[in-house]
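J.: What follows is a single structure, and I will ask about it in a moment.
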There are 2 protein chains.
Amino acid sequence: MLSAHDNPLQIAVIDTDTGFLQVLAKRLEGMGWRYRITGGPLPADALVSMRLDALVVDLAVLGHQAWTYLETITQRLPGLGVVVVTGRSSVSQRVRGLRLGADDWMTKPCHPEELIARVEAVVRRRQSDETGEDASPVEAGELEVRPDQFQAFVSGASVELTRREFELIHLLALAEGQVLQREDIYQRVWGYAMAHGDRSVDVFVRKLRQKLERASPQWRYIHTHFGVGYRFAAEPAGEAEPGAVAETDPVEVSAGEMAVPVVSAPPPAAAVHA
Amino acid sequence: MLSAHDNPLQIAVIDTDTGFLQVLAKRLEGMGWRYRITGGPLPADALVSMRLDALVVDLAVLGHQAWTYLETITQRLPGLGVVVVTGRSSVSQRVRGLRLGADDWMTKPCHPEELIARVEAVVRRRQSDETGEDASPVEAGELEVRPDQFQAFVSGASVELTRREFELIHLLALAEGQVLQREDIYQRVWGYAMAHGDRSVDVFVRKLRQKLERASPQWRYIHTHFGVGYRFAAEPAGEAEPGAVAETDPVEVSAGEMAVPVVSAPPPAAAVHA
DNA sequence: CGACTCGTGAACGAGGTGTGACCGGGCGGT
DNA sequence: ACCGCCCGGTCACACCTCGTTCACGAGTCG
């Protein structure tokens with residue numbers, strides 16, 4: 001699980017047909033795209049800096065520079081999707097435009113919905129190459145989670161994780177500082193609701209703690225909130241944390257020789273369940 | 001990718017409009033393209049084996065299976081350019097087709113020249129995606145991959161590789177350090193979507209491992225990530241690193257004494273179990 | 001002090017992976 | 001055109017990992 005969020009498409013529209021633009025703008029906003037509208041040709045450098053996915057351009061706006069402009073930008077930005085729109089056009093014009101590097105060509109009047117669909121089609125392939133997943137690393141305290149390598153690094157030491165372990169630590173690290181309840185964790189990592197009495201989350205927390213502690217014994221990362229769930233936060237080991245079950249060194253602690261004499265700390269304001 | 005048929009574009013045309021086809025065929029020959037014309041839908045597997053660059057299809061020929069067929073082939077052959085041609089069509093139909101994966105949509109009567117230009121535009125965009133990972137040699141650890149020679153060298157010794165093996169090691173080496181999932185690998189090496197249950201990637205990984213290990217036994221290059229895929233990285237052989245905790249530190253195991261300065265308690269003696 | 005929650009180790013079963021063998025088809029040599 | 005080799009792909013089987021569950025002890029709260 002842990003699906004990524006797709007970045008909104010970013011496009012530029014070069015046109016002066018205010019009526020058309022008005023309708024189009026509304027639809028673009030409906031799609032959640034980011035867009036910029038301009039009444040004249042933008043220099044190639046400007047287009048580069050805008051990090052566009054696609055460009056919609058009315059050739060009529062460009063006048064007799066149209067062809068050279070088209071050629072320039074398609075050569076300068078080969079990865080940019082270019083959809084040309086014109087009032088009227090002949091077959092030979094369309095052929096010329098497409099040969100010069102345009103990806104699609106529509107004739108007005110055209111339905112905004114179709115224009116959007118064609119822009120999507122043009123952009124689609126470029127995105128298909130980019131693994132559109134959450135490949136961005138997450139850092140939380142001493143921990144670094146690298147989705148592209150399916151492993152985590154703690155204080156420079158690499159920790160090999162299985163799929164579930166990785167998704168769990170990823171989720172926790174993303175929600176650093178927050179207390180996540182078991183049902184929530186299970187839902188987001190496993191993808192479906194947790195069955196009553198399922199202890200899987202606990203078991204995986206244990207495995208993670210084991211591996212993390214091994215990589216950096218001086219830190220504790222996953223803290224238990226009794227009756228609620230878990231919270232991720234890098235804290236030095238050995239200090240008693242209010243609201244968190246003091247585990248670690250489970251073998252010995254029972255012997256009655258508790259290391260930390262710290263008095264009873266104020267209870268966690270959080271741990272209340274109706 | 002393996003479909004390295006350079007210049008002559010190869011396309012298939014699914015249509016029954018003999019008049020149109022006649023004119024189109026003449027133009028296709030004029031362009032020097034290789035083409036195949038059929039009056040009915042071709043199964044996805046057939047299209048795969050034809051190593052097509054693009055597909056031109058008249059939806060009318062397909063009847064009411066049109067949408068499913070379109071969806072099937074665009075999912076199975078994501079890299080294939082698809083241009084749909086219809087006699088009449090509404091905006092919503094065109095939008096639907098484009099959303100289902102078609103790259104372009106023309107309405108008859110359409111000029112063959114424009115159709116050809118649009119096919120070119122579609123293919124151009126696809127090829128521009130693929131270019132950029134060719135020609136330049138790749139070095140990763142002791143391994144050197146030379147795309148220009150279709151050869152790989154390990155520690156100076158050349159390793160004889162078949163085409164698939166070469167494409168695979170090339171891809172892996174380019175993505176050094178990253179975990180690539182089987183589906184991605186298959187998609188990028190074979191050029192189309194992996195069928196469910198296909199083990200080809202595993203088999204070729206095995207072949208590669210054999211040849212690489214024979215060339216340099218002291219290194220391991222391809223690492224398995226259980227349930228995910230493979231990761232390329234040059235690491236010394238002999239160290240057990242089976243996807244679990246990096247227990248690659250026999251020295252470290254004794255950590256029982258050092259870490260915790262305060263508490264007595266020998267920490268959970270970890271690994272060994274009775 | 002009793003009921004519930006959580007930590008921990010072990011063990012099992014499903015299914016993912018390694019591996020050798022086999023087969024059909026394409027390509028080059030003759 | 002014929003033939004043989006090589007390569008790509010499939011299959012069956014063995015092995016192994018990992019997710020899940022269980023039991024029990026420790027910890028926490030009322």
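So you can find residues: chains in the structure tokens are A, B, ... in the order shown, residues in each start at 1, and ligands are numbered from 1 in order.
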Can you state the RMSD, in Å, between chain A and chain B once they are superposed by least squares on every Cα paired in order?

T.: 17.1 Å

J.: Pick out the chain B residues within 10 Å of chain C. Count only C-alpha atoms (C1' of nucleotides). Give them as a ChimeraX atom specification.

T.: /B:199,202-203,206,224,226-228,273

J.: Would you return as a PyMOL selection string the members of range 52-240 of chain A that DSSP assigns to helix (DSSP H, G or I) on this structure's backbone?

T.: chain A and resi 59-76+91-99+112-129+163-174+182-190+200-215

J.: Could you check which of A:Leu171, A:Leu161, A:Leu9, A:Ala135 is closest to Leu52 in chain A, using only C-alpha atoms?

T.: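 With only C-alpha atoms as the atom set, the closest residue is A:Leu9.
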
J.: Separation of CA of Ile37 in chain A and CA of Val13 in chain A, in Å?

T.: 4.7 Å

J.: Neighbours of range 99-104 of chain B within 9 Å (only C-alpha atoms (C1' of nucleotides); same-chain residues fewer than 3 positions away dropped), as a list in words?

T.: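 My reading of the contact set: Asp104, Ala117, Arg118, Glu120, Ala121, Val122 and Arg124 of chain A; Trp67, Leu70, Glu71, Ile73, Thr74, Gln75, Pro78, Gly81, Val82, Val83, Val84, Val85, Arg94, Val95, Arg96, Arg118, Val119 and Val122 of chain B.
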
J.: Could you list, as a ChimeraX atom specification, every residue within 12 Å of Pro43 in chain A, counting only C-alpha atoms (C1' of nucleotides) and ignoring same-chain residues fewer than 5 positions away?

T.: /A:14,38,48-50,69-70,72-73,76-77

J.: Please produce a file of those selected residues containing C-alpha atoms, as a PDB file, in the first residue's frame.

T.:
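The file below, out.pdb, is the result:
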ATOM      1  CA  ILE A  14      -0.768  29.876 -25.616  1.00  0.00           C
ATOM      2  CA  THR A  38      -0.430  33.444 -22.080  1.00  0.00           C
ATOM      3  CA  VAL A  48      12.258  24.953 -19.647  1.00  0.00           C
ATOM      4  CA  SER A  49      12.165  26.703 -16.309  1.00  0.00           C
ATOM      5  CA  MET A  50       8.457  26.059 -15.974  1.00  0.00           C
ATOM      6  CA  TYR A  69       8.623  28.580 -33.168  1.00  0.00           C
ATOM      7  CA  LEU A  70       7.150  25.121 -33.268  1.00  0.00           C
ATOM      8  CA  THR A  72      12.413  25.529 -31.951  1.00  0.00           C
ATOM      9  CA  ILE A  73      10.547  24.349 -28.914  1.00  0.00           C
ATOM     10  CA  ARG A  76      14.784  22.375 -27.443  1.00  0.00           C
ATOM     11  CA  LEU A  77      12.325  20.410 -25.300  1.00  0.00           C
TER      12      LEU A  77
END

J.: If you count only C-alpha atoms (C1' of nucleotides), which residues fall within 10 Å of Gly87 in chain B, apart from same-chain ones fewer than 4 positions away, as a compact mmCIF listing (two decimals) with C-alpha atoms, in the first residue's frame?

T.:
# COMPACT_ATOMS: atom_id res chain seq x y z
CA ASP B 58 -10.84 1.00 -37.12
CA LEU B 59 -13.04 0.52 -34.12
CA ALA B 60 -16.03 -0.22 -36.35
CA MET B 106 -8.92 10.28 -36.40
CA THR B 107 -12.27 10.50 -38.05
CA LYS B 108 -12.82 9.32 -41.59
CA PRO B 109 -12.57 10.48 -44.19
CA CYS B 110 -8.99 11.16 -43.32

J.: At a cut-off of 9 Å, list the chain D residues touching chain B, using only C-alpha atoms (C1' of nucleotides), as a ChimeraX atom specification.

T.: /D:7-10,17-18

J.: Go ahead and save the residues from that selection, with C-alpha atoms (C1' of nucleotides), as a compact mmCIF listing (two decimals), in the first residue's frame.

T.:
# COMPACT_ATOMS: atom_id res chain seq x y z
C1' DC D 7 18.78 -19.10 -27.92
C1' DG D 8 14.55 -17.93 -25.65
C1' DG D 9 10.81 -19.60 -23.12
C1' DT D 10 8.18 -23.14 -20.30
C1' DT D 17 11.71 -17.03 2.98
C1' DC D 18 8.34 -14.70 5.18

J.: What is the distance, in Å and to one decimal place, between CA of Trp33 in chain B and CA of Pro8 in chain B?

T.: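 Separating CA of Trp33 in chain B from CA of Pro8 in chain B is a distance of 5.0 Å.
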
J.: If you run DSSP over the backbone, which residues in range 19-128 of chain B end up strand (DSSP E)? Put them as a list in words.

T.: Arg34, Tyr35, Arg36, Ile37, Thr38, Ala54, Leu55, Val56, Val57, Asp58, Gly81, Val82, Val83, Val84, Val85, Thr86, Asp104, Trp105, Met106 and Thr107 of chain B

J.: Restrict the selected residues to N, CA and C atoms and save them as a PDB file, in the first residue's frame.

T.:
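Final file, part_2.pdb:
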ATOM      1  N   ARG B  34       7.212  -1.278 -43.115  1.00  0.00           N
ATOM      2  CA  ARG B  34       6.688  -2.636 -43.214  1.00  0.00           C
ATOM      3  C   ARG B  34       5.321  -2.629 -42.539  1.00  0.00           C
ATOM      4  N   TYR B  35       4.376  -3.270 -43.175  1.00  0.00           N
ATOM      5  CA  TYR B  35       3.033  -3.202 -42.616  1.00  0.00           C
ATOM      6  C   TYR B  35       2.297  -4.504 -42.871  1.00  0.00           C
ATOM      7  N   ARG B  36       1.265  -4.688 -42.078  1.00  0.00           N
ATOM      8  CA  ARG B  36       0.403  -5.848 -42.267  1.00  0.00           C
ATOM      9  C   ARG B  36      -1.031  -5.385 -42.097  1.00  0.00           C
ATOM     10  N   ILE B  37      -1.869  -5.812 -43.020  1.00  0.00           N
ATOM     11  CA  ILE B  37      -3.268  -5.416 -42.991  1.00  0.00           C
ATOM     12  C   ILE B  37      -4.137  -6.620 -42.681  1.00  0.00           C
ATOM     13  N   THR B  38      -5.085  -6.418 -41.786  1.00  0.00           N
ATOM     14  CA  THR B  38      -5.976  -7.512 -41.429  1.00  0.00           C
ATOM     15  C   THR B  38      -7.392  -6.977 -41.243  1.00  0.00           C
ATOM     16  N   ALA B  54       3.587   0.509 -34.203  1.00  0.00           N
ATOM     17  CA  ALA B  54       2.299   1.170 -34.038  1.00  0.00           C
ATOM     18  C   ALA B  54       1.182   0.301 -34.622  1.00  0.00           C
ATOM     19  N   LEU B  55      -0.009   0.603 -34.175  1.00  0.00           N
ATOM     20  CA  LEU B  55      -1.185  -0.118 -34.639  1.00  0.00           C
ATOM     21  C   LEU B  55      -2.255   0.885 -35.035  1.00  0.00           C
ATOM     22  N   VAL B  56      -2.785   0.716 -36.253  1.00  0.00           N
ATOM     23  CA  VAL B  56      -3.897   1.553 -36.700  1.00  0.00           C
ATOM     24  C   VAL B  56      -5.135   0.677 -36.735  1.00  0.00           C
ATOM     25  N   VAL B  57      -6.172   1.082 -36.054  1.00  0.00           N
ATOM     26  CA  VAL B  57      -7.335   0.208 -35.950  1.00  0.00           C
ATOM     27  C   VAL B  57      -8.635   0.990 -36.130  1.00  0.00           C
ATOM     28  N   ASP B  58      -9.496   0.439 -36.962  1.00  0.00           N
ATOM     29  CA  ASP B  58     -10.836   1.002 -37.124  1.00  0.00           C
ATOM     30  C   ASP B  58     -11.757   0.337 -36.115  1.00  0.00           C
ATOM     31  N   GLY B  81       2.262   2.173 -30.081  1.00  0.00           N
ATOM     32  CA  GLY B  81       1.483   3.340 -30.459  1.00  0.00           C
ATOM     33  C   GLY B  81       0.165   2.905 -31.080  1.00  0.00           C
ATOM     34  N   VAL B  82      -0.916   3.466 -30.617  1.00  0.00           N
ATOM     35  CA  VAL B  82      -2.237   3.062 -31.109  1.00  0.00           C
ATOM     36  C   VAL B  82      -2.980   4.265 -31.669  1.00  0.00           C
ATOM     37  N   VAL B  83      -3.310   4.207 -32.937  1.00  0.00           N
ATOM     38  CA  VAL B  83      -4.099   5.265 -33.564  1.00  0.00           C
ATOM     39  C   VAL B  83      -5.447   4.677 -33.971  1.00  0.00           C
ATOM     40  N   VAL B  84      -6.500   5.234 -33.421  1.00  0.00           N
ATOM     41  CA  VAL B  84      -7.835   4.733 -33.706  1.00  0.00           C
ATOM     42  C   VAL B  84      -8.450   5.547 -34.848  1.00  0.00           C
ATOM     43  N   VAL B  85      -9.128   4.849 -35.724  1.00  0.00           N
ATOM     44  CA  VAL B  85      -9.813   5.506 -36.829  1.00  0.00           C
ATOM     45  C   VAL B  85     -11.269   5.069 -36.818  1.00  0.00           C
ATOM     46  N   THR B  86     -12.162   6.016 -36.944  1.00  0.00           N
ATOM     47  CA  THR B  86     -13.576   5.649 -36.999  1.00  0.00           C
ATOM     48  C   THR B  86     -14.299   6.476 -38.053  1.00  0.00           C
ATOM     49  N   ASP B 104      -3.994   8.366 -30.378  1.00  0.00           N
ATOM     50  CA  ASP B 104      -4.565   9.373 -31.264  1.00  0.00           C
ATOM     51  C   ASP B 104      -5.870   8.830 -31.837  1.00  0.00           C
ATOM     52  N   TRP B 105      -6.660   9.723 -32.377  1.00  0.00           N
ATOM     53  CA  TRP B 105      -7.976   9.328 -32.861  1.00  0.00           C
ATOM     54  C   TRP B 105      -8.297  10.188 -34.072  1.00  0.00           C
ATOM     55  N   MET B 106      -8.572   9.545 -35.199  1.00  0.00           N
ATOM     56  CA  MET B 106      -8.922  10.283 -36.402  1.00  0.00           C
ATOM     57  C   MET B 106     -10.297   9.853 -36.892  1.00  0.00           C
ATOM     58  N   THR B 107     -10.951  10.784 -37.509  1.00  0.00           N
ATOM     59  CA  THR B 107     -12.271  10.500 -38.046  1.00  0.00           C
ATOM     60  C   THR B 107     -12.222  10.483 -39.569  1.00  0.00           C
TER      61      THR B 107
END

J.: Find the distance between CA of Glu139 in chain A and CA of Phe232 in chain B and write it in Å to one decimal.

T.: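 So the two atoms, CA of Glu139 in chain A and CA of Phe232 in chain B, lie 23.6 Å apart.
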
J.: Give the answer as one residue: which of B:Pro236, B:Glu113, B:Glu160, B:Ala152 has the shortest atom-to-atom distance to chain A, using only C-alpha atoms?

T.: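 Closest to chain A of all the choices is B:Glu113.
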